[in-house]
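Okay, so here's the structure we're looking at.
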Number of protein chains: 2
Amino acid sequence: MWPVGPAARGGLSMPNSPHLIGFFCDTPMIGSGYLAMLQIGLVAGCRKWDCALVIKSFDFSDRDIAEQAATLIARAPLRGVVVPEPLCDNPELLDVLFQAGLPVVRIAPHKDVGPTLDICIDNERAAYDLATYLIGLGHKRIAFIRGPRDHNDANVRFNGFCRAMEEARLPVIDELCVQSTTFDFCSGLSAAEKVLAIDPLPSAVFGCNDEIAAAVLAAGHRKGLRVPEQLSIAGIDDAPVARTVWPALTTCRQKMELTGYTAIDFIVNPPSSAEARKRPQQHELVIRESTARAKA
Amino acid sequence: MWPVGPAARGGLSMPNSPHLIGFFCDTPMIGSGYLAMLQIGLVAGCRKWDCALVIKSFDFSDRDIAEQAATLIARAPLRGVVVPEPLCDNPELLDVLFQAGLPVVRIAPHKDVGPTLDICIDNERAAYDLATYLIGLGHKRIAFIRGPRDHNDANVRFNGFCRAMEEARLPVIDELCVQSTTFDFCSGLSAAEKVLAIDPLPSAVFGCNDEIAAAVLAAGHRKGLRVPEQLSIAGIDDAPVARTVWPALTTCRQKMELTGYTAIDFIVNPPSSAEARKRPQQHELVIRESTARAKA
């Protein structure tokens with residue numbers, strides 16, 4: 001997928017530059033499929049450029065995020081920092097990084113804040129495309145399990161779903177739009193059980209990410225529903241969980257490994273033009289066995 | 001689960017010590033559930049001690065692992081290094097770390113090599129205990145999907161399975177012991193399909209890790225087998241995949257998060273006595289819905 005190995009590394013050594021690249025992320029996201037995929041790409045990028053990745057986690061509730069970041073960069077010779085959503089929209093944190101003169105790559109940012117390098121992921125459009133696919137299969141009564149309230153990605157995914165439904169003149173039914181408090185399977189399971197207790201059932205359920213969609217699948221199996229014959233299920237991300245459940249999940253791949261790899265390239269060779277500093281990352285639908293045509 | 005947060009961090013700052021802790025791992029393991037769990041604990045431990053984690057990946061095929069490690073530690077002020085299996089048994093790598101005077105914590109080592117701090121995980125016993133549980137459910141014809149040949153953990157897990165079968169005077173049938181080339185789901189799926197094509201079917205399949213067990217479950221579903229009524233399935237690790245599949249997997253939890261957390265404590269406060277430098281990590285059976293009593 002990308003060039004690694006001693007040859008690639010040997011040719012790219014930079015003896016006069018710091019060889020550590022920071023990866024600042026939210027503690028609750030550590031261990032998630034999303035960050036795991038991103039990290040695979042980051043580590044591969046670091047291998048290519050003979051660097052190592054420094055992981056520093058922050059809690060959203062920490063009041064001293066900027067101070068923690070300043071302490072770390074004063075102690076470790078970082079070449080740049082990669083910051084995924086939602087931390088990448090934290091202005092105090094970004095100010096510290098700008099003042100230190102470090103290249104900053106933001107993954108899926110929602111606000112324009114200054115001289116960052118941004119890898120832009122169109123979460124609204126990804127959800128819109130997947131909802132449009134479900135509608136194209138004839139589904140009309142579609143449930144959506146929303147992600148955490150304070151997470152911009154989660155909110156724009158819901159917006160994309162709503163836009164597709166509205167364009168198809170289908171109602172977004174409040175009762176069928178259930179909140180999951182986090183992006184993880186356990187929280188998704190509670191939400192999924194609520195959705196699958198509704199009578200009449202939706203014919204399709206769209207999870208705000210793949211962990212939540214996997215929870216819908218587990219809840220459906222437990223209830224004895226046949227997937228996809230009686231219930232179609234889709235997620236977003238193409239996280240590892242999408243392939244390890246049965247049936248495998250239809251989802252939208254956002255190429256997080258490639259995003260991580262690109263992020264390291266950005267730090268090592270920052271583009272000069274303003275235009276090149278915003279890099280869109282394409283997504284693609286991945287149609288697997290968890291979705292089928294709605295019954296007539 | 002463990003103390004983190006500003007209070008814990010603030011009280012433990014060590015201004016005169018390096019604040020970076022190395023985590024050296026095999027590239028193919030990046031993104032695995034096993035490393036993800038370990039990393040959650042490592043990152044939490046780093047938060048407690050106001051450190052950050054430096055991830056450096058190596059390929060087993062690299063001939064210059066020791067040189068790469070020497071370069072990294074010459075450039076980055078590491079306080080110590082955590083090395084999981086199988087890298088932790090690489091003598092050239094360990095020599096470089098010893099010569100640099102760095103505390104080294106090995107996770108699940110198989111060889112005695114010098115002044116390391118070892119967190120010992122009894123993989124043989126974990127597999128033995130789980131096999132004994134399956135045998136206790138009345139299973140006699142038990143398949144085992146083996147992990148990668150060059151991975152000591154994989155081999156001792158198989159040994160534990162064989163010991164339990166032998167003690168119960170049950171045959172370990174060659175045809176039912178199929179090799180998976182890696183620890184991942186895809187490779188496990190090929191092996192699972194081979195096992196489930198055997199006539200008569202085993203009544204239970206034991207996967208060398210949870211990803212492989214999840215692959216057996218997917219292959220079983222695809223074949224129309226009811227789990228656990230017609231086929232019991234178990235794995236090892238209690239990786240996230242064990243909870244996100246349906247039915248959830250019976251497995252053996254090795255507390256990798258706690259192991260990671262303990263590893264950071266070891267580096268920050270290395271115990272002085274030789275005895276205390278070997279810390280056993282207990283495992284525990286986690287009985288879920290993927291196993292049931294064998295039919296009479």
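All residue names refer to the structure tokens as shown: chains lettered A, B, ... in order, residues numbered from 1 in each chain, ligands numbered from 1 in order.
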
- prompt: Please, which residues of chain A lie no more than 6 Å from chain B when the count uses only C-alpha atoms, and can they be set out as an NGL selection string?
  reply: :A and (31 or 36 or 52-56 or 218 or 245-246)

- request: Please return as a ChimeraX atom specification: the residues of region 45-289 of chain A that backbone DSSP assigns to alpha helix (DSSP H).
  value: /A:45-48,65-75,91-99,123-136,152-167,185-195,210-222,241-244,256-268

- request: Find the residues near Pro84 (chain A): any atom within 8 Å, counting only C-alpha atoms, skip ones fewer than 4 places away on the same chain, and give them as a list in words.
  value: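 After dropping sequence-adjacent residues, the list is Phe24, Cys25, Cys88, Arg106, Ile107, Ala108 and Pro109 of chain A.
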
field: Contact residues around Arg253 (chain B) with only C-alpha atoms at 10 Å, ignoring same-chain residues under 4 positions, as JSON, numbers by chain
entry: {"B": [126, 235, 236, 237, 238, 239, 282, 283, 284, 285, 286]}

So that I have them on file, write out the residues from the current selection with N, CA and C atoms, as a PDB file, in the first residue's frame.
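Once everything was written out, this is again-v4.pdb:
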```
ATOM      1  N   ALA B 126      -3.276 -20.443  30.217  1.00  0.00           N
ATOM      2  CA  ALA B 126      -4.538 -19.842  29.781  1.00  0.00           C
ATOM      3  C   ALA B 126      -5.257 -20.781  28.801  1.00  0.00           C
ATOM      4  N   GLY B 235     -12.073 -18.211  22.176  1.00  0.00           N
ATOM      5  CA  GLY B 235     -10.813 -17.572  21.778  1.00  0.00           C
ATOM      6  C   GLY B 235      -9.942 -17.303  22.997  1.00  0.00           C
ATOM      7  N   ILE B 236      -8.920 -16.482  22.813  1.00  0.00           N
ATOM      8  CA  ILE B 236      -8.076 -16.036  23.927  1.00  0.00           C
ATOM      9  C   ILE B 236      -7.767 -14.554  23.728  1.00  0.00           C
ATOM     10  N   ASP B 237      -7.703 -13.816  24.803  1.00  0.00           N
ATOM     11  CA  ASP B 237      -7.261 -12.420  24.909  1.00  0.00           C
ATOM     12  C   ASP B 237      -8.324 -11.507  25.530  1.00  0.00           C
ATOM     13  N   ASP B 238      -9.597 -11.791  25.234  1.00  0.00           N
ATOM     14  CA  ASP B 238     -10.663 -10.826  25.514  1.00  0.00           C
ATOM     15  C   ASP B 238     -10.373  -9.485  24.833  1.00  0.00           C
ATOM     16  N   ALA B 239     -10.076  -9.576  23.555  1.00  0.00           N
ATOM     17  CA  ALA B 239      -9.910  -8.378  22.723  1.00  0.00           C
ATOM     18  C   ALA B 239     -11.291  -7.775  22.455  1.00  0.00           C
ATOM     19  N   GLN B 282      -2.108 -12.379  36.102  1.00  0.00           N
ATOM     20  CA  GLN B 282      -3.114 -13.449  36.151  1.00  0.00           C
ATOM     21  C   GLN B 282      -4.057 -13.351  34.960  1.00  0.00           C
ATOM     22  N   HIS B 283      -4.594 -14.492  34.563  1.00  0.00           N
ATOM     23  CA  HIS B 283      -5.658 -14.479  33.543  1.00  0.00           C
ATOM     24  C   HIS B 283      -6.949 -14.975  34.185  1.00  0.00           C
ATOM     25  N   GLU B 284      -8.049 -14.774  33.478  1.00  0.00           N
ATOM     26  CA  GLU B 284      -9.321 -15.298  33.997  1.00  0.00           C
ATOM     27  C   GLU B 284     -10.214 -15.691  32.837  1.00  0.00           C
ATOM     28  N   LEU B 285     -10.933 -16.795  33.026  1.00  0.00           N
ATOM     29  CA  LEU B 285     -11.883 -17.215  31.999  1.00  0.00           C
ATOM     30  C   LEU B 285     -13.051 -16.234  31.976  1.00  0.00           C
ATOM     31  N   VAL B 286     -13.513 -15.925  30.782  1.00  0.00           N
ATOM     32  CA  VAL B 286     -14.691 -15.074  30.617  1.00  0.00           C
ATOM     33  C   VAL B 286     -15.692 -15.905  29.808  1.00  0.00           C
TER      34      VAL B 286
END
```

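Counting from CA of Arg277 (chain B), the distance to CA of Val105 (chain B) is 9.2 Å.
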